$ cat run11.txt   # compact mmCIF, C-alpha atoms
# COMPACT_ATOMS: atom_id res chain seq x y z
CA MET A 1 16.98 2.00 -21.69
CA ALA A 2 16.31 -0.34 -18.76
CA GLY A 3 13.47 0.56 -16.44
CA ARG A 4 13.97 1.52 -12.83
CA LEU A 5 12.63 -1.90 -11.69
CA ALA A 6 14.16 -4.00 -14.46
CA GLY A 7 14.71 -7.58 -13.33
CA LYS A 8 12.59 -7.22 -10.20
CA VAL A 9 9.43 -9.10 -9.21
CA ALA A 10 6.78 -7.04 -7.45
CA ILE A 11 3.45 -7.68 -5.73
CA VAL A 12 0.86 -4.92 -5.43
CA THR A 13 -2.18 -5.49 -3.22
CA GLY A 14 -5.36 -3.56 -3.80
CA ALA A 15 -4.31 -3.55 -7.46
CA GLY A 16 -7.84 -3.48 -8.84
CA SER A 17 -8.34 0.26 -8.49
CA GLY A 18 -6.97 3.58 -7.31
CA ILE A 19 -3.41 3.77 -6.03
CA GLY A 20 -2.87 0.02 -6.43
CA ALA A 21 -3.90 -0.04 -10.09
CA ALA A 22 -1.79 3.04 -10.84
CA THR A 23 1.21 1.52 -9.08
CA ALA A 24 0.90 -1.80 -10.89
CA ARG A 25 0.97 0.07 -14.20
CA VAL A 26 3.97 2.17 -13.17
CA PHE A 27 5.92 -0.83 -11.85
CA HIS A 28 5.24 -2.79 -15.04
CA ARG A 29 6.21 0.18 -17.21
CA GLU A 30 9.50 0.40 -15.31
CA GLY A 31 10.40 -3.21 -16.06
CA ALA A 32 9.06 -5.21 -13.11
CA GLN A 33 7.18 -8.46 -13.40
CA VAL A 34 4.05 -7.73 -11.42
CA VAL A 35 1.54 -9.74 -9.41
CA LEU A 36 -1.70 -7.80 -9.17
CA ALA A 37 -3.54 -8.91 -6.02
CA ASP A 38 -7.07 -7.90 -5.08
CA VAL A 39 -10.25 -9.36 -3.66
CA SER A 40 -12.54 -7.57 -6.11
CA GLY A 41 -11.63 -9.29 -9.36
CA ALA A 42 -11.05 -5.91 -11.02
CA GLN A 43 -7.30 -6.62 -11.12
CA GLU A 44 -7.84 -9.28 -13.79
CA ALA A 45 -8.63 -6.74 -16.51
CA ILE A 46 -5.63 -4.61 -15.55
CA ALA A 47 -3.28 -7.61 -15.66
CA LYS A 48 -4.67 -8.48 -19.10
CA GLU A 49 -4.11 -4.89 -20.21
CA LEU A 50 -0.48 -5.02 -19.06
CA GLY A 51 0.16 -8.31 -20.84
CA ASP A 52 3.43 -10.22 -20.54
CA GLY A 53 5.03 -10.02 -17.11
CA ALA A 54 1.78 -9.42 -15.24
CA ILE A 55 -0.55 -11.87 -13.53
CA SER A 56 -3.61 -11.42 -11.34
CA VAL A 57 -4.23 -13.28 -8.09
CA HIS A 58 -7.45 -13.24 -6.08
CA THR A 59 -6.26 -12.29 -2.59
CA ASP A 60 -8.05 -11.57 0.65
CA VAL A 61 -5.40 -9.80 2.72
CA ARG A 62 -7.30 -10.63 5.91
CA SER A 63 -6.41 -14.30 5.44
CA GLY A 64 -2.97 -15.70 6.13
CA GLU A 65 -3.66 -18.61 3.80
CA SER A 66 -4.65 -16.25 0.98
CA VAL A 67 -1.62 -14.03 1.48
CA GLN A 68 0.70 -17.05 1.48
CA ALA A 69 -0.86 -18.16 -1.81
CA MET A 70 -0.22 -14.68 -3.23
CA ILE A 71 3.46 -14.84 -2.27
CA GLN A 72 3.74 -18.34 -3.69
CA ALA A 73 2.18 -17.20 -6.96
CA ALA A 74 4.92 -14.61 -7.36
CA VAL A 75 7.71 -17.05 -6.58
CA SER A 76 6.36 -19.95 -8.64
CA THR A 77 5.57 -17.75 -11.66
CA PHE A 78 8.50 -15.36 -11.69
CA GLY A 79 11.08 -17.11 -9.48
CA ARG A 80 11.56 -14.60 -6.68
CA LEU A 81 10.14 -11.64 -4.76
CA ASP A 82 11.89 -8.26 -4.67
CA VAL A 83 9.15 -5.71 -4.01
CA LEU A 84 5.97 -5.92 -1.94
CA TYR A 85 3.54 -3.01 -1.89
CA ASN A 86 1.00 -3.58 0.89
CA ASN A 87 -1.58 -1.13 -0.38
CA ALA A 88 -5.01 -2.76 0.05
CA GLY A 89 -7.27 -0.80 2.40
CA ILE A 90 -10.82 0.18 3.21
CA ASP A 91 -12.33 3.27 4.78
CA GLY A 92 -14.98 1.61 6.94
CA GLU A 93 -18.03 3.09 8.60
CA LEU A 94 -18.03 6.53 10.22
CA HIS A 95 -18.67 6.44 13.99
CA LYS A 96 -17.63 8.31 17.09
CA VAL A 97 -15.43 6.16 19.32
CA GLY A 98 -18.12 5.85 21.98
CA GLU A 99 -20.65 4.65 19.43
CA CYS A 100 -18.52 2.48 17.14
CA PRO A 101 -19.82 -1.11 16.78
CA GLU A 102 -17.15 -3.71 17.49
CA GLU A 103 -17.76 -5.29 14.10
CA ALA A 104 -17.14 -1.98 12.31
CA TRP A 105 -13.88 -1.50 14.24
CA ASP A 106 -12.71 -5.04 13.52
CA ALA A 107 -13.52 -4.84 9.81
CA VAL A 108 -11.14 -1.93 9.28
CA GLN A 109 -8.39 -3.39 11.46
CA ALA A 110 -8.57 -6.71 9.59
CA VAL A 111 -7.80 -5.17 6.21
CA ASN A 112 -5.78 -2.07 7.01
CA LEU A 113 -3.51 -3.39 9.77
CA ARG A 114 -3.72 -7.18 9.87
CA GLY A 115 -3.50 -7.25 6.06
CA VAL A 116 -0.24 -5.29 6.13
CA PHE A 117 1.12 -7.51 8.92
CA LEU A 118 0.34 -10.66 6.94
CA GLY A 119 2.01 -9.26 3.85
CA ILE A 120 5.17 -8.46 5.80
CA ARG A 121 5.01 -11.73 7.75
CA TYR A 122 4.93 -13.93 4.67
CA GLY A 123 6.76 -11.63 2.26
CA ILE A 124 9.93 -11.39 4.32
CA PRO A 125 10.89 -15.10 4.10
CA ALA A 126 10.50 -14.95 0.31
CA MET A 127 12.63 -11.80 0.15
CA LEU A 128 15.31 -13.33 2.35
CA ALA A 129 15.48 -16.24 -0.08
CA SER A 130 15.98 -13.71 -2.91
CA GLY A 131 18.71 -11.80 -1.07
CA GLY A 132 16.60 -8.88 0.14
CA GLY A 133 14.02 -6.46 -1.15
CA SER A 134 11.82 -3.46 -0.56
CA ILE A 135 8.49 -3.44 1.28
CA VAL A 136 6.25 -0.39 0.92
CA ASN A 137 3.14 0.05 3.06
CA THR A 138 0.27 2.45 2.49
CA ALA A 139 -0.47 4.27 5.73
CA SER A 140 -2.18 7.69 5.67
CA MET A 141 -1.98 11.23 6.93
CA ALA A 142 -4.66 9.85 9.29
CA ALA A 143 -1.71 8.21 11.08
CA MET A 144 -0.47 11.70 11.91
CA VAL A 145 -3.55 13.79 12.65
CA ALA A 146 -7.03 12.90 13.91
CA PHE A 147 -10.13 12.70 11.76
CA PRO A 148 -13.33 12.62 13.84
CA ASN A 149 -15.59 9.60 13.25
CA MET A 150 -12.69 7.64 11.73
CA ALA A 151 -11.08 6.22 14.88
CA SER A 152 -10.60 2.70 13.54
CA TYR A 153 -9.06 3.97 10.31
CA CYS A 154 -6.73 6.38 12.13
CA ALA A 155 -5.69 3.70 14.63
CA ALA A 156 -5.02 1.13 11.93
CA LYS A 157 -2.94 3.51 9.85
CA GLY A 158 -1.00 4.57 12.94
CA GLY A 159 -0.35 0.89 13.54
CA VAL A 160 0.94 0.50 9.98
CA VAL A 161 3.52 3.22 10.62
CA MET A 162 4.89 1.57 13.76
CA LEU A 163 4.78 -1.88 12.16
CA THR A 164 6.81 -0.41 9.30
CA LYS A 165 9.41 1.05 11.62
CA THR A 166 9.73 -2.13 13.68
CA ALA A 167 10.13 -4.39 10.66
CA ALA A 168 12.63 -1.94 9.18
CA ALA A 169 14.76 -2.08 12.32
CA GLU A 170 14.61 -5.86 12.47
CA TYR A 171 15.59 -6.61 8.87
CA ALA A 172 17.80 -3.73 7.70
CA ALA A 173 20.96 -5.79 8.16
CA GLN A 174 19.48 -8.49 5.93
CA ASN A 175 18.98 -6.12 3.01
CA ILE A 176 15.24 -5.66 3.44
CA ARG A 177 13.98 -2.10 3.53
CA VAL A 178 10.52 -1.24 4.86
CA ASN A 179 8.93 2.16 4.34
CA ALA A 180 5.48 3.72 4.59
CA ILE A 181 3.64 6.22 2.45
CA ASN A 182 1.24 8.63 4.15
CA PRO A 183 -1.13 9.87 1.44
CA GLY A 184 -3.46 12.77 1.97
CA SER A 185 -6.39 13.61 -0.28
CA ILE A 186 -5.96 11.32 -3.28
CA ARG A 187 -8.63 10.68 -5.90
CA THR A 188 -9.68 7.10 -5.08
CA ALA A 189 -12.86 5.16 -4.34
CA ILE A 190 -12.31 5.88 -0.63
CA THR A 191 -12.21 9.65 -1.06
CA ASP A 192 -15.14 9.44 -3.47
CA ARG A 193 -17.22 7.93 -0.65
CA LEU A 194 -16.32 10.52 1.98
CA PRO A 195 -18.90 13.21 2.70
CA ALA A 196 -18.52 16.07 0.24
CA ASP A 197 -18.20 18.65 3.01
CA MET A 198 -15.36 16.67 4.61
CA MET A 199 -13.45 16.46 1.32
CA ASP A 200 -14.03 20.13 0.59
CA ALA A 201 -12.66 21.05 3.99
CA ILE A 202 -9.57 18.87 3.51
CA ILE A 203 -8.83 20.27 0.06
CA LYS A 204 -9.30 23.86 1.20
CA ALA A 205 -6.94 23.18 4.10
CA ASN A 206 -4.18 21.91 1.78
CA PRO A 207 -1.44 24.47 1.12
CA ILE A 208 -1.49 22.91 -2.37
CA PRO A 209 -5.24 23.40 -2.81
CA ARG A 210 -6.25 20.38 -4.84
CA ILE A 211 -6.74 16.64 -4.70
CA ALA A 212 -3.90 14.44 -5.98
CA GLU A 213 -4.10 11.70 -8.59
CA PRO A 214 -3.24 8.05 -7.79
CA GLU A 215 -0.28 8.21 -10.18
CA GLU A 216 1.41 10.74 -7.90
CA VAL A 217 1.45 8.19 -5.09
CA ALA A 218 2.50 5.46 -7.51
CA ASN A 219 5.57 7.49 -8.48
CA LEU A 220 6.57 7.73 -4.81
CA ALA A 221 6.03 3.97 -4.40
CA LEU A 222 8.27 3.46 -7.43
CA PHE A 223 11.06 5.47 -5.82
CA LEU A 224 10.81 3.47 -2.58
CA ALA A 225 10.68 0.17 -4.49
CA SER A 226 13.71 1.01 -6.61
CA ASP A 227 17.40 0.98 -5.77
CA GLU A 228 17.33 4.78 -5.87
CA SER A 229 16.12 4.68 -2.25
CA SER A 230 18.69 2.13 -1.12
CA PHE A 231 19.63 4.08 2.05
CA ILE A 232 16.06 4.77 3.14
CA THR A 233 14.27 2.48 5.58
CA GLY A 234 11.75 2.96 8.37
CA ALA A 235 10.61 6.24 6.83
CA GLU A 236 7.18 7.84 6.58
CA MET A 237 6.95 9.57 3.23
CA VAL A 238 4.17 12.15 3.40
CA ILE A 239 2.30 13.05 0.20
CA ASP A 240 -0.52 15.26 1.37
CA GLY A 241 -0.22 18.63 -0.36
CA GLY A 242 1.11 20.08 2.89
CA TYR A 243 -2.04 19.33 4.93
CA THR A 244 -0.17 18.09 8.00
CA LEU A 245 2.20 21.06 8.03
CA LEU A 246 -0.45 23.33 9.52

$ encode --input "run11.txt" --output "C-alpha cells"
Amino acid sequence: MAGRLAGKVAIVTGAGSGIGAATARVFHREGAQVVLADVSGAQEAIAKELGDGAISVHTDVRSGESVQAMIQAAVSTFGRLDVLYNNAGIDGELHKVGECPEEAWDAVQAVNLRGVFLGIRYGIPAMLASGGGSIVNTASMAAMVAFPNMASYCAAKGGVVMLTKTAAAEYAAQNIRVNAINPGSIRTAITDRLPADMMDAIIKANPIPRIAEPEEVANLALFLASDESSFITGAEMVIDGGYTLL
C-alpha cells in the first residue's frame, strides 16, 4: 500500500534530533524522499539509517546562502520540492526583558524566526516550479501564552505564526499551503534544558498530565504535509495536552 507521502519530496530542518528526527523518519516511512537538514551533523547518521531516498545536508538556517543550497540539494537530487518542514529552533538564554542582552535576543530571532522566513522565501519558488506544495512551520504554545524569562523565544514563535498566516494568504491560489504547529511540552533537547521546576509546573498544568513524545508532533506534521489536509491553510495546530485551554 502506498504511503501517505508517496511520490513527494520533503525537506526537514532541525532533522538531527527531537521533532525533526522523528518527522524525517515518519515522512520517509510514508514514502517521501527526504532531505535531512541540520547544522549539528547529527542528521548524517539518521539519513544513513533511513537509506535510499534520504540525504543529509549541512544547513545553517540563519544563512540565506545555506538555505538556498538546501533547497537546491532537494531539487537536484530528487527533482522537485513538495513539502518543507521549517522545524529548526533553539531555546536561547533565560532573561527578563529589561535585562536581556541584545546578542541573546538576536541569537534566538536568527534561528527561530529568520530561519523560518528564509525557508519560506526560498522554498516557495521551488514549490511553484513543482506545481505547489505544503509548508509546515514549528511555532510553539509560547506564541499563545507568555513564559517569563523567555521573551525572545515567545516573540519569535509569535512571529512564526503571523508569517505562516501571511504566506498562506499570499500563495493559497497557487496551490501552496502554509500551516504552523504549536507544540507544548514535548520531550526534546530544549525541554531537557529547561529548569526542572519550570517543566514540572508545565506538566502539572496540562489537562493531559504528561510530556509528549516527538513522534506525536511528527504525526501531526505528516497530516499537514499530506493531501489529507488539502483544505487547511493558515492554521495553528495546537498540540499541548490542553495547556493553553486554561

$ closest_residue --input "run11.txt" --among "A:Ser140, A:Asp197, A:Ser134, A:Val116" --to "Leu163 (chain A)" --atoms "all atoms listed in the file"
A:Val116

$ residues_around --input "run11.txt" --residues "Ile11 (chain A)" --least-positions-apart "6" --cutoff "9 Å" --atoms "all atoms listed in the file" --output "list in words"
Ala24, Gln33, Val34, Val35, Leu36, Ala37, Met70, Ile71, Ala74, Leu81, Asp82, Val83, Leu84, Tyr85 and Asn86 of chain A

$ residues_around --input "run11.txt" --residues "Ala205 (chain A)" --least-positions-apart "3" --cutoff "7 Å" --atoms "all atoms listed in the file" --output "short mmCIF file (atom, residue, chain, number, x, y, z; two decimals) with C-alpha atoms, in the frame of the given file"
data_model
loop_
_atom_site.label_atom_id
_atom_site.label_comp_id
_atom_site.auth_asym_id
_atom_site.auth_seq_id
_atom_site.Cartn_x
_atom_site.Cartn_y
_atom_site.Cartn_z
CA ALA A 201 -12.66 21.05 3.99
CA ILE A 202 -9.57 18.87 3.51
CA TYR A 243 -2.04 19.33 4.93
#

$ residues_near_point --input "run11.txt" --point "(-14.3, 1.5, -1.6)" --cutoff "7 Å" --atoms "only C-alpha atoms" --output "number ranges by chain"
A: 90-91, 189-190

$ closest_residue --input "run11.txt" --among "A:Ala173, A:Gly3, A:Ala151, A:Val67" --to "Gly133 (chain A)" --atoms "all atoms listed in the file"
A:Ala173

$ closest_residue --input "run11.txt" --among "A:Ile19, A:Leu194, A:Cys154, A:Ala69" --to "Ala142 (chain A)" --atoms "all atoms listed in the file"
A:Cys154

$ atom_distance --input "run11.txt" --atom1 "CA of Ala47 (chain A)" --atom2 "CA of Gly64 (chain A)"
23.2 Å

$ atom_distance --input "run11.txt" --atom1 "CA of Ala6 (chain A)" --atom2 "CA of Lys165 (chain A)"
27.0 Å

$ atom_distance --input "run11.txt" --atom1 "CA of Pro148 (chain A)" --atom2 "CA of Gly20 (chain A)"
26.1 Å

$ closest_residue --input "run11.txt" --among "A:Lys204, A:Arg193, A:His95, A:Arg114" --to "Val160 (chain A)" --atoms "all atoms listed in the file"
A:Arg114

$ closest_atom_pairs --input "run11.txt" --of "region 114-172 of chain A" --to "region 227-233 of chain A" --cutoff "12 Å" --atoms "all atoms listed in the file" --output "tab-separated table"
residue	atom	partner	partner_atom	distance
A:Gly132	CA	A:Ser230	CA	11.3
A:Gly133	CA	A:Asp227	CA	9.4
A:Ser134	CA	A:Asp227	CA	8.8
A:Ile135	CA	A:Thr233	CA	9.3
A:Val136	CA	A:Thr233	CA	9.7
A:Asn137	CA	A:Thr233	CA	11.7
A:Val161	CA	A:Thr233	CA	11.9
A:Thr164	CA	A:Thr233	CA	8.8
A:Lys165	CA	A:Thr233	CA	7.9
A:Thr166	CA	A:Thr233	CA	10.4
A:Ala167	CA	A:Thr233	CA	9.5
A:Ala168	CA	A:Thr233	CA	5.9
A:Ala169	CA	A:Thr233	CA	8.2
A:Glu170	CA	A:Thr233	CA	10.8
A:Tyr171	CA	A:Thr233	CA	9.8
A:Ala172	CA	A:Thr233	CA	7.5

$ closest_residue --input "run11.txt" --among "A:Gly159, A:Gly234, A:Gly51, A:Gly7" --to "Gly79 (chain A)" --atoms "only C-alpha atoms"
A:Gly7

$ residues_around --input "run11.txt" --residues "Gly89 (chain A)" --least-positions-apart "3" --cutoff "8 Å" --atoms "all atoms listed in the file" --output "JSON, numbers by chain"
{"A": [14, 108, 111, 112]}

$ closest_residue --input "run11.txt" --among "A:Thr188, A:Ser40, A:Thr23, A:Thr138" --to "Asp60 (chain A)" --atoms "only C-alpha atoms"
A:Ser40

$ residues_around --input "run11.txt" --residues "region 213-215 of chain A" --least-positions-apart "3" --cutoff "6 Å" --atoms "all atoms listed in the file" --output "compact mmCIF listing (two decimals) with C-alpha atoms, keeping the file's coordinate frame"
# COMPACT_ATOMS: atom_id res chain seq x y z
CA GLY A 18 -6.97 3.58 -7.31
CA ILE A 19 -3.41 3.77 -6.03
CA ALA A 22 -1.79 3.04 -10.84
CA ILE A 186 -5.96 11.32 -3.28
CA ARG A 187 -8.63 10.68 -5.90
CA ALA A 218 2.50 5.46 -7.51

$ closest_atom_pairs --input "run11.txt" --of "region 41-146 of chain A" --to "region 25-29 of chain A" --cutoff "8 Å" --atoms "all atoms listed in the file" --output "tab-separated table"
residue	atom	partner	partner_atom	distance
A:Leu50	CA	A:Arg25	CA	7.2
A:Gly53	CA	A:His28	CA	7.5
A:Ala54	CA	A:His28	CA	7.5
